[in-house]
Every structure is written in C-alpha cells, then in structure tokens.
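Chemist: What follows is a single structure, and I will ask about it in a moment.
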Amino acid sequence: MTLGLEHFLILSSVLFAIGLYGALSRRSAVVILMSIEVMLGAVSIAMVAFSRYVVPALLTGQVFTIFIIVVAAAEATVGLAIIIAIYRRRETIDVTKIDLMKW
Amino acid sequence: MEAIIPNSLVWMIFLLPLISFVLIALFIKPFLNNSPRISGYITISAVAGSLILSLWLLTSLLNTPSHELIIPDFNWLIIEGSINIHLGLTIDMLTVIMCIVVTTVSLMVQIYSQGYMHGDPGYHRYYVYMSLFTTAMLGLVMVDNLLLMYVFWELVGLCSYLLIGFWFHRPAAARAAKKAFIVTRLGDFGFLAAILVLFFSKGTLDVSQLHGYAVAGAIGSATLTWAAIGIFLGAAGKSAQFPLHVWLPDAMEGPTPVSALIHAATMVAAGVFLVARMFPLFEHSPEALSIVAYIGGFTAIFAATMGLVMNDIKRVLAYSTISQLGYMMLGLGVGGVAIGIFHLFNHAFFKALLFLGAGSVNHGTKTFDMRFMGGLRKVMPWTYATFLIASLSIAGIWPLAGFWSKDEILASALSENTLLFVLSMITVFMTAFYMFRVVFMTFGGEYRGSEKPHESPPVMVVPMVVLAVLAVVSGWFNATGGFSHLLGHGESHSFTEGFFGILSHPLPWISLAMAGSGILLAYAMYSAKWISPHRIAWFFRSLYVLFSKKYWMDELYEDAIGQRLLSDRLFAGMKLLDSKVIDGAVNGVADTVVDIGNSVRRAQSGQLQLYGLFIILGVLAIVISLLIWG
Amino acid sequence: MDFNCLSIIIFLPVAGAIVIAMVPGLSARLIRYIAAVFTFIPLVLSLVLFCAFDRSAGMAGAVQFQEMAAWIEPINADYHIGVDGLSMPLVLLTALLGFLVVLISWKVELRVREYFAWLLLLETSILGVFCSLDLLLFFIFWEIEVIPMYFLISIWGAGRKEYSAIKYVIYTLFGSALMLAGILCIYFSTGSLDMIELSQSGLAMAQMVIPAAPMFFLLLAGFAVKLPVFPLHTWLPDAHTDAPTAVSVVLAGTLIKMGGYGMIRICLSIFPDSAQQYAPLLLALATINIVYGAAVTLRQTDLKRLIAYSSISHMGFVLLGIFALGELSLVGASLQMFSHGIITGLLFAVTGLVMHNTGERNIGKLGGLGKQMPAIAAIFTIGGIAAMGVPATSGFIAEISVFLGAFVSKAVDGLHIYTIISMLGILLAAAYMLLLIQRVFLGPVLKKYSGVKDADKLEFCYCAVFIIAIILVGVYPMVLTDVINSGIAPVAAFWGG
C-alpha cells in the first residue's frame, strides 16, 4: 500500500477536528492555546501534502507551512503572555470566568 | 331728503358702527381709559348716523319705482373657475326695514346703557362689543351673499357670546355665554350645510341669483327642501325655536340692555329675517314651509307655558320672546314674508321696551326676582306707564302695535291650518296672562323687597318713552296694508280696512276676548287675590312642575346628552383609546423591540468558544447543503 | 434674478447660528439681538418676495425666484431652489414665525447660546424644505430639522422631555426612512430628482419597474407622520406638551405644515392617479382626524396638551382639503396650513405666557384669570375664536374654503358625507375652546393668582403681530388666495380642477 494524498488529508482532518474540539470545549486557556496549535499543525500537513501531490514542481505549500510555524510560534508567545498576565491579575485561566467586557 | 341717497352713504350705514368699533377698541380703550363717557358718545353718534342714513335710504326707496337700489360691489374672495364671492349689498324694502329696526332699537339701547352701565369697570368694553354687534347686525341684513350672511351671522353670535358673558366673573354668565354659542352653532351647522348644498347645486351663493333659480324651478325639489330645512335649522338656533330654544333664557345673565337689543329685538329675530330673505326657497318647498309653520306654532305655545310660572322677570320676558319668535315663524310659514316681518317689526319695539323696563326696575330694586318687588307704580311712574303700554301691546290689545301683527298671523293661520290657529289662540290667552302677571307682581300691590326703590334717571327713561310711542304706533303702518304692500305681499290675508274697519271682522274680537280673559285671570290671581296662585299651582301640580322645570330640557341636553353620554362616555372613551390603544401600540412597538433585544442579547454570551461552535455548525450546514443540493 | 434672495433667506439663520455658536464671549443679551437680526432680515426679504411675486394668470404654476447650481453631478442632484404659489405663503409663514419665536424666547435663561443656535438652525431647515425643488436637497433639509428639535425638546423642555424628544425623533425617522425609500424608487425609475420635471412629465418618463402605488404610499408615510394623520399622531401631543413654548410654536406653526406641503408637492403632483385611487381612504382618515381629534381635545386637562390635540383636529382639515382633489379645496388646505400656523402659534405663545406667569398648567386649577391678566385673556380669546373658525379670522376662510371645495369636488365619490361629518369638527371646536376659555379665564377670581403678571410690552407686541395676520387674512383673504391659487391651479388641473 502506498501513501496517497487522501491519507494525509484524513490525518489532517482528524488532527483539525481534535484541535477544534479542544478549542471549543476546554475551559483552560492554555489547553485552548494548545488545541489551536494542533489545528495549525493539521493545516500545515494539508498544505505540504497538497504541495507534494498536486504541484510537485513548486514549493508553495512548504513556504506557507514555514509561515504558519513562525506565526504559530509568535502567537503562542503572545497568547501565553496574555494568559500569564490574566492569571496574575485574576488568579484564573478559566475562559468562562474572564468576562470583564461581557454585557 | 327727496334726493336718492348716494352709494357711498349706503355703505356708511354699515361702516359707521364699524368705525366706532375700531376707534373705541384701538384708541379710546387703550389710551383714554379714564374718560369712559367718550366711548358711549362715539357709539351713540355712529348709530344715530346710521339711523338717519337708513331713513334717507327708506325715502329713496319709496321714491324708486322698483323699491330696490343697485350698489356696486367689491371683490372679496375670487378664485377663477371655483368661487366668486363679491362683497355687495342688497337694498330692498326688507333690508331697509331691518336697518331701521336695528338702528332705532340700538340707538335707544345705547342711550339707555349710559345710565344702566354707569360706573361699570367694563364700560369701554361694553361699547366695543355693542358697536361690533351693531356693525355685524347691519351687515347681516344688508349683504347680498349667503356666505357673507353666514359671516355676519356668526359675528352677531360671537357678540352675543361676549355680551352674555360680559360679567364673566359670574360663573352663571360664563356658562350661559358658552351655552348660547354652542347651541346656536348647532343650528349654524344646518345653515352651513345648506350653503354647501346650494353652492354644490348652483355654484353661486348670490342671494338674488338663488332666488331666481328657485323661482324658475331650476333647483331640484329635494335639494331645495334640504337647503331650506338647513337654513331653517340655522334660523331656529338663532331665533331660539324648539328644540334649540334652551340658550335664550340663560342668556339673560348678560346686562339687561344687551338682552333688550340682542336677545329680544334684533339678533334673535335674525333667524326670522333669514327665512324671510330666503323665502323664495321656502315658497317652492311646501314641506319646508310647513316645518317652519309647525315649529313656529309649537314653539309659541311651548315657550308660553314656561313663561307662566317663572319668577324672574327677565326669564318671563325671555320665554315671551321665544314665544313671539314662534309667532313670527308661524306668520312666515302660513302667511309669507310681510306677515312675519311685520310682527318682527312691532315686536322689536315693544319687547325692547319691556326689557328696558325690567332693567329700570332692576336699577331701582337691585333684583330681578318678582317676589321681591311690588308696588313700584308709585315710585317708578314712568317705568310703570311704559311697561304697561308694552304689555298691552304684546297682549294684542286694539289699537296698539301688537294687535295688528298678531291678528294678521291669526287670520293667516285660520285660513291655512286649524290646529295651528287653535294653538296660537291659546297662546294669545297665555301671553296676556303672563305679561299681566308680571305687571301686577312688579308694579301692583305693596313693595316686598329690602332695597329702597327709585325711578331711573332721565337718560334711561327717555329711550323708554320713545319706544313706548313706537310700541303704540308701529302697528298702524299696516292698518291699510301699506307695510305688506311694500314687501310685495299686498293681497294676502291682511286686514286692510283701516284703523276702525278691522273691528268689523269677528276674528279680532275673538282674539281680544282671549287676551282680555288672560288679563282678567292675572288680575284675579295676582291683584285682586280672588284666586290663590298657590291653590292653582297645587291643583295643576304636575303641570306646574313640568313648566317650572322647563320640561327638563336643560337636564336632558346638558347632563344626559352633553355630559354623561358624550363627554363622559364617548369622548372619554376616545381619549382612553388614544392613550391606551393607539399610543399604547406605539409604545408597545418600542417596548417589544427592546424586549426582543433583551432576550436575543443572551445569545451574545461573550464566549468565543460558543461563537466558534456556531461558526463550525454554520460551515457544516453550508457544506452539507451543498452536498445535497449542490 | 442675480440677487440670490431665496438662498439668503434660507441660510441667514444658519449663519446667525454659526456666529452665535462660534464667536466666544457673547453675552446672553447680545446673542438674543443677533438671533433677532438674523431672523428679521429673512422676514423682511420674504415679505419683499411675497409682494414681488407675480400673481398674473400667465404665471400660474411657474416657479419664481429660481436658483440652480450643479451639486452632485453623477446622480443628477442639483442645488435647485425656488418658490411657487404653494410654497410662497409657507416661506413667509416660516420667516414670520422664525422671527417671532426669537422674541417669544427672549426670556430663556438656560444655555442661551446653544438654545438660539439650535433655534436658528431649525428655521433654516424648515425654509429649506419649502424652497427645495430637488428631491435629495428636500430630503436633506427634511432630516436636518430633527436634530435641533431633539435638543430643543430634551434640554429646554418640561415634564417627560427626554421621552418626548426620543419619541419625536424615532417617529419622524421612521417616516422619513420610508420616504427615502420612496425617493430612491422615484430616482431609480426615472433617473431624475428634479421635482418640477417629475411633476410635469409625471411618471411617463419612468421605466415602470416599481408600480406607482407603493411609491405613493412610501412617500405618503413620511408626510403622514409629520402632518400628523391618525393613527400616526401620538408623537404630537407629547412633543408639543413637553417642548418649550417657542418650540411648540415652531412645531405647530410650521413644522407640521411640511407634511401637508409634501403631500401636495410630491404625492399629488407626481402621482395624481394613485392619489385619486386612494383618496377615499385618506378622506376617511381626515374625517377621523377632525372629529376624533376634537373629541379627544375636549377631555384634555393639560393646557398645552389641549392645544396640541386641537392641532390634530385642525390638520385634519388640511388632509380633507388635499384629498378632496378640487381646486378650491386645495386652496382651502393651503390656507388652512397658513392660518393654522398663525392661530396655533398665537395660542401656544399665549398659553406659554399663562403657564409662565401662573406656574400652573392644569386647567382644573386655573380660573378667573380674566380679571388678573386682562390682556392675555383678550389675546387668548381672539386666538380661541379664530381656532373655532369664527368669521373675520383666517380660520373661518380656511375652513369654509375646505368645506365648499370638498363638497363641490367631483374627483372622489362620497365627498358629501365626509364633508358633512367633518363639519362636526367646528362644532366640537367651539365646545372645547369655549370650555377652555371658561375654565381658565372666566368665573370667580382666585386668590392664589392675585398679583400674577399680565403680558408685558414685548409679549403684547408679538401677540399683536399674530392677531393682525389672523384678522388681515380673515377680512381680506385675497392677499393669500391669489398667490396660493397660482400654485394650486396646475396641480388641481389633473382632476379637472
């Protein structure tokens, strides 16, 4: 059996779904952030796979993936910083309790 | 005075009082408030000027074969192709007679007022209103257009309102003024409707043109009848005919000279004048004419019954006025213009005199209640003499004025309708009775009041004497049918045999007998005391209560219909509808929007995770629907 | 005309507003004088225009004193103003009231600078509405008016002023949103915003994407709210009652006339067929307006609210006259707009004096003031009898023209019945006015009001101006009817005039 595009896409979808589920259902801001990382990873896999199987001559997908990695790193940094700042103030990272701007 | 009066001076008849009004209202009252006499003098000279010019106009007309003058008119309201109203004058005998009546009575009343209103703080205001009234009344009788008649018609009503409420700090006066205006306006509703109908039908409101159409039969009979009924409704309001008579007795709250001028001699007779002016319309509508006759005849006896039992001297006179106005309407209905107007002419003098007499009595005794009078013939001889003459005149005693016009009405009624004749004969009896009841209660017997009575000053007595002379002689103008002839009704039922010739007919004797027995009964009850009034009242107690409560018509109109039914139920209901239902709906819409917002904003939980879930669900929904239907 | 008189009339008040608002350090006294000057000049100019207005038959329907400049070329919107016989009296009325309300406001002490700035802006916007001949320009002026009104009611008002102000704004915006939709419909069907062009060629130039009836009703909605037409009237009593005196005068005197003006100028001129088709509905509403408005008036206990409700009844006559679609009835409707402006303006002004001097607005608690304030009582009585439609006042001429015109008009069936029922309105008007006069001014003198002030010289003067105008039109109506008819004749010609 050879690995086809669909296998990568299935892997990507599964990962994305897991990440999405985590992002939507967990209360801890850190876990949500981790789930978002998982979703970004899923997207990266899909990008690389498409690039390899659809336009093998070009490196478009790989370039995008590198961008995603960079952005994800930056995002994780900023996100964690915010979470730490909130934690210092309110001693919680439960997103349902962070409702200062809610009506 | 043989020369024909110039046109400009005809206008002056109407303009002189107007000038007096403007002068007093704008200059005398604001700037010369401390010299009250001036406004009286201005008014009197203006009215006197109008009277002289009216007399000149009369002689001019008598010298003109057609008894008419054509006066050039002015444009007033003209919209090309839509409406064309000129301000013009009709000058015929009817106008001139009315002008003379109005200016004569007005002049006498203005002179009298100088004494009666002496020292009143509203002296200027009084003459402002009086001048305006005289202007409007003259305008009403002179203009040649139905719309302008309506203008002056409303203006006299306005003056009546202002003058009834002259002493406005008295609640009764304020109420009476309002009542008078609203009740007459109820009648004006009909007048206005008639104007609309005629304008719709013929596109003109010019009186002479309308006469022409009516005579030529160019107005459909239904239209004509409705228009005539509408006009009569207006006339009934102004002339206090049943069922719109309720305002006149209350109107006695005004100063007595006002009652004499407006609510006895002139304005209330305007309704009769209106019917006379539009008589060609009535003539060609038998239904309308019989309505006029029946309402008039009924009102005559109906009002007389209430006059029998009143204790306030002015109220007796008020009901008497209503009753006499009923006679005039009856005269118009059964006999024609001349008969009705002749009674109007005579009535103006003797009724104005009666009111001035009542005012003079009030001036001496400070009361209008006859139970606190009596014996005044000794202290007020002039008032007594003139009042007696007027009472004999209104009772219809030969050869005084009232006799001549009343007998013509009776004769016409006899030939037209027996029922109306019988009713009016009974009214003759009642009239004589209640008038002499007043005479005996006021002037006979011993004085029962507390104030020290005294005769009025000459400024009040002289006008009364002048009117007393007129109350004797004014009837003689038609002793040979001359008056009727001028109004174009020469050959009707008038007795034309002259001063004594009339007594050769049986009818005058019957009416004289009725009047005589009325006087006799009054004498028996109130002077000789052969019969006790209390026992009579007890004997006929249900009728007595009915009359003295005025058939409960005030209660019916004001309480039952006006207050309870309309104001408290209907209008209050509408107000409730307005604030609860209509405005409630407006506020309800606003509140509903707010409520919806309040409930929907729960969906905005502020939780990104929930929003994310909705986004995913939305994407899934799109994808699935694309898969299924795409 | 080289001299742009009309533009000057329209924009002088707003120039005054800018001066008042921007120049620092003005004393309250100076502000009042500036406001008076900047409204008096437009009054004089509009009187000049009124006199210069060509009344000859050849000029019937012609727009005079036109000014035209390209404005937003891509959408064909122009700065196009001018007056014809319909708008000329209303411009005069607005300028007159604009000046008089400054005098009426002379004693306002709260935030004088803002007050007069808003008041002057208000005048400009109303004048603009009456002069605009371009639909977009018309709409802009129409909308500007809401803003000063909101602040004037909510800051200087009384009672539930914020509530009333918001109600007024939202109600008006609701109407004008529909109106805007109507204007857009016209624009997209015809590509033109020029009122004259539209009314001359009607909708013949339209590619009929949208049927005429919805457009007619969309536009009508905006005007009906303003007029106001039952059942869209409930903003009016609230706004009038809670507004300061001068603003009530403007509101009753000129603002609600914009509704009637718009109906004739736009609904009737551009959609004659729809107007005729739906006239019975509007006539029925007019009858309800008149009779129902008067009946509700009779039960009011608040002085200003009573006058406000009487306005609803009186504006019913305007509606009756308009949708009777006859020449005379339309002239009557225009006369009634002018006449109601001065009569109700006077009534509100003098009511303000009563309320100010006694500190009481509940009719039940007033009484006998005829002795204590004779001048005010006399002025009020004159205003009252004018409102009852007594002859020799403008109210009579206006109402009788509406009645006569409506009764003889053959454009709509059943007009006789509507007219006769409407005549009940004048009967009820007599009832509520006389009742009001009796309760407030007649009757025994009350001790608690001993020593209340009567009208002072200034107050007496501005009331006298109103009275002169009322009597002048009442005694010699041709001063107005000539002008009005030159504007009405071409409109009425649609239905055989």
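To be explicit about the labels: the chains of the structure tokens are called A, B, and onward in the order shown, and within each one the residues are counted from 1, while ligands get numbers from 1 in the order they are shown.
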With 10 Å as the limit and counting only C-alpha atoms, what residues in chain A lie close to chain B? Please list them as a ChimeraX atom specification.
Modeler: /A:20-27,32,95-103
Chemist: Can you tell me which residues surround segment 388-394 of chain C at a distance of at most 10 Å, considering only C-alpha atoms, apart from same-chain residues fewer than 3 positions away, and format the answer as JSON, numbers by chain?
Modeler: {"B": [148, 150, 151, 152, 153, 154, 155, 157, 158], "C": [314, 335, 336, 338, 339, 340, 342, 343, 382, 383, 384, 385, 397, 398, 399, 400, 425, 426, 427, 428, 429, 430, 431, 432, 433, 434, 467, 468, 469, 470, 471, 472, 473, 474, 475, 476, 477]}
Chemist: Those selected residues, please, written with C-alpha atoms and delivered as a CSV table (one decimal), in the first residue's frame.
Modeler:
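And here's again11.csv as it stands now:
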```csv
chain,number,residue,atom,x,y,z
B,148,LEU,CA,-71.3,86.8,3.8
B,150,TYR,CA,-73.1,83.5,7.3
B,151,VAL,CA,-70.0,85.6,8.2
B,152,PHE,CA,-72.1,88.3,9.9
B,153,TRP,CA,-74.5,85.6,11.3
B,154,GLU,CA,-71.5,84.1,13.1
B,155,LEU,CA,-70.3,87.5,14.2
B,157,GLY,CA,-73.4,85.2,17.6
B,158,LEU,CA,-69.9,86.0,18.7
C,314,HIS,CA,-57.3,71.2,12.5
C,335,LEU,CA,-55.0,78.5,3.5
C,336,GLN,CA,-55.6,76.3,6.5
C,338,PHE,CA,-51.1,79.2,6.8
C,339,SER,CA,-54.0,80.0,9.1
C,340,HIS,CA,-53.4,77.2,11.5
C,342,ILE,CA,-50.6,81.7,12.9
C,343,ILE,CA,-53.6,80.8,15.0
C,382,ILE,CA,-59.1,86.2,19.9
C,383,GLY,CA,-56.9,83.1,19.2
C,384,GLY,CA,-59.6,80.9,20.5
C,385,ILE,CA,-62.4,82.3,18.4
C,397,ILE,CA,-61.8,81.5,5.5
C,398,ALA,CA,-59.6,78.4,5.5
C,399,GLU,CA,-62.3,76.1,6.9
C,400,ILE,CA,-65.1,77.4,4.7
C,425,GLY,CA,-65.3,69.3,13.9
C,426,ILE,CA,-66.2,73.0,14.1
C,427,LEU,CA,-69.0,72.3,16.5
C,428,LEU,CA,-66.7,70.4,18.8
C,429,ALA,CA,-64.0,73.1,18.3
C,430,ALA,CA,-66.4,75.7,19.7
C,431,ALA,CA,-67.1,73.4,22.6
C,432,TYR,CA,-63.5,72.8,23.6
C,433,MET,CA,-62.3,76.3,23.0
C,434,LEU,CA,-65.2,77.9,24.9
C,467,ILE,CA,-53.6,88.9,15.6
C,468,ILE,CA,-53.0,91.3,12.8
C,469,ALA,CA,-52.1,88.5,10.5
C,470,ILE,CA,-55.1,86.5,11.6
C,471,ILE,CA,-57.6,89.3,11.0
C,472,LEU,CA,-56.0,90.5,7.8
C,473,VAL,CA,-56.3,87.1,6.1
C,474,GLY,CA,-59.8,86.8,7.6
C,475,VAL,CA,-61.1,90.1,6.4
C,476,TYR,CA,-59.4,90.1,3.0
C,477,PRO,CA,-58.5,86.6,2.0
```
Chemist: Would you work out the distance separating atom CA of Gly584 of chain B from atom CA of Leu319 of chain C, expressed in Å to one decimal?
Modeler: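 Those two atoms sit 24.4 Å apart.
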Chemist: So, counting only C-alpha atoms, which residue among A:Ala29, A:Leu11, A:Ile86, A:Leu40 is closest to Phe67 of chain A?
Modeler: A:Leu40
Chemist: May I have the residues of chain C within 9 Å of chain B, counting only C-alpha atoms, written as a ChimeraX atom specification?
Modeler: /C:167,231-235,292,295-300,326-328,331,368,370-371,385,390-392,396,400,403-405,407-409,420,423-424,426-428,430-431,434-435,438,441-445,475-478,481-482,485,497
Chemist: Tell me which protein, DNA and RNA residues are within 12 Å of Val37 of chain C, counting only C-alpha atoms, leaving out same-chain ones fewer than 2 positions away, and put them as an mmCIF file with C-alpha atoms, in the first residue's frame.
Modeler:
```cif
data_model
loop_
_atom_site.group_PDB
_atom_site.id
_atom_site.type_symbol
_atom_site.label_atom_id
_atom_site.label_comp_id
_atom_site.auth_asym_id
_atom_site.auth_seq_id
_atom_site.Cartn_x
_atom_site.Cartn_y
_atom_site.Cartn_z
ATOM 1 C CA LEU C 12 -29.084 83.688 7.022
ATOM 2 C CA PRO C 13 -30.500 81.974 10.107
ATOM 3 C CA ALA C 15 -25.215 81.935 9.524
ATOM 4 C CA GLY C 16 -26.579 83.516 12.664
ATOM 5 C CA ALA C 17 -26.417 80.162 14.384
ATOM 6 C CA VAL C 19 -21.976 83.278 14.695
ATOM 7 C CA ILE C 20 -23.739 82.597 17.961
ATOM 8 C CA LEU C 30 -26.115 90.165 22.567
ATOM 9 C CA ILE C 31 -26.975 86.639 21.485
ATOM 10 C CA ARG C 32 -30.662 87.493 21.566
ATOM 11 C CA TYR C 33 -30.115 90.545 19.446
ATOM 12 C CA ILE C 34 -28.008 88.610 16.954
ATOM 13 C CA ALA C 35 -30.722 85.979 16.700
ATOM 14 C CA THR C 39 -34.246 86.192 11.605
ATOM 15 C CA PHE C 40 -35.661 89.622 10.974
ATOM 16 C CA ILE C 41 -33.781 90.095 7.697
ATOM 17 C CA PRO C 42 -35.191 86.879 6.196
ATOM 18 C CA LEU C 43 -38.632 88.018 7.299
ATOM 19 C CA VAL C 44 -38.237 91.320 5.508
ATOM 20 C CA GLY C 98 -38.880 82.332 12.885
ATOM 21 C CA PHE C 99 -38.588 85.941 13.957
ATOM 22 C CA LEU C 100 -41.450 85.819 16.431
ATOM 23 C CA VAL C 102 -36.895 84.594 18.897
ATOM 24 C CA LEU C 103 -38.978 87.245 20.646
ATOM 25 C CA LEU C 120 -31.869 79.274 14.056
#
```
Chemist: Skipping near chain neighbours, those fewer than 2 positions away, what residues fall within 8 Å of segment 405-413 of chain B using only C-alpha atoms, listed as an NGL selection string?
Modeler: :B and (327-328 or 330-331 or 334-335 or 339-340 or 342-343 or 346 or 396 or 401-403 or 415-418 or 420-421 or 424-425 or 475 or 493-495 or 507-508 or 511)
Chemist: From a DSSP pass on the backbone, collect the residues of segment 119-286 of chain B flagged as alpha helix (DSSP H) and hand them back as JSON, numbers by chain.
Modeler: {"B": [123, 124, 125, 126, 127, 128, 129, 130, 131, 132, 133, 134, 135, 136, 137, 138, 139, 140, 141, 142, 146, 147, 148, 149, 150, 151, 152, 153, 154, 155, 156, 157, 158, 159, 160, 161, 162, 163, 164, 171, 172, 173, 174, 175, 176, 177, 178, 179, 180, 181, 182, 183, 184, 185, 186, 187, 188, 189, 190, 191, 192, 193, 194, 195, 196, 197, 198, 199, 200, 201, 202, 207, 208, 209, 210, 211, 212, 213, 214, 215, 221, 222, 223, 224, 225, 226, 227, 228, 229, 230, 231, 232, 233, 234, 235, 236, 237, 238, 247, 248, 249, 250, 256, 257, 258, 259, 260, 270, 271, 272, 273, 274, 275, 276, 277, 279, 280, 281, 282, 283, 286]}
Chemist: Would you pick out the contacts of Leu89 of chain B at 9 Å or less, using only C-alpha atoms, so that residues sharing its chain but fewer than 5 positions from it are not included, and give the list as a list in words?
Modeler: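 My reading of the contact set: Val10, Trp11, Ile70, Ile71, Pro72, Asp73, Gly139, Val141, Met142, Val143, Asp144 and Asn145 of chain B.
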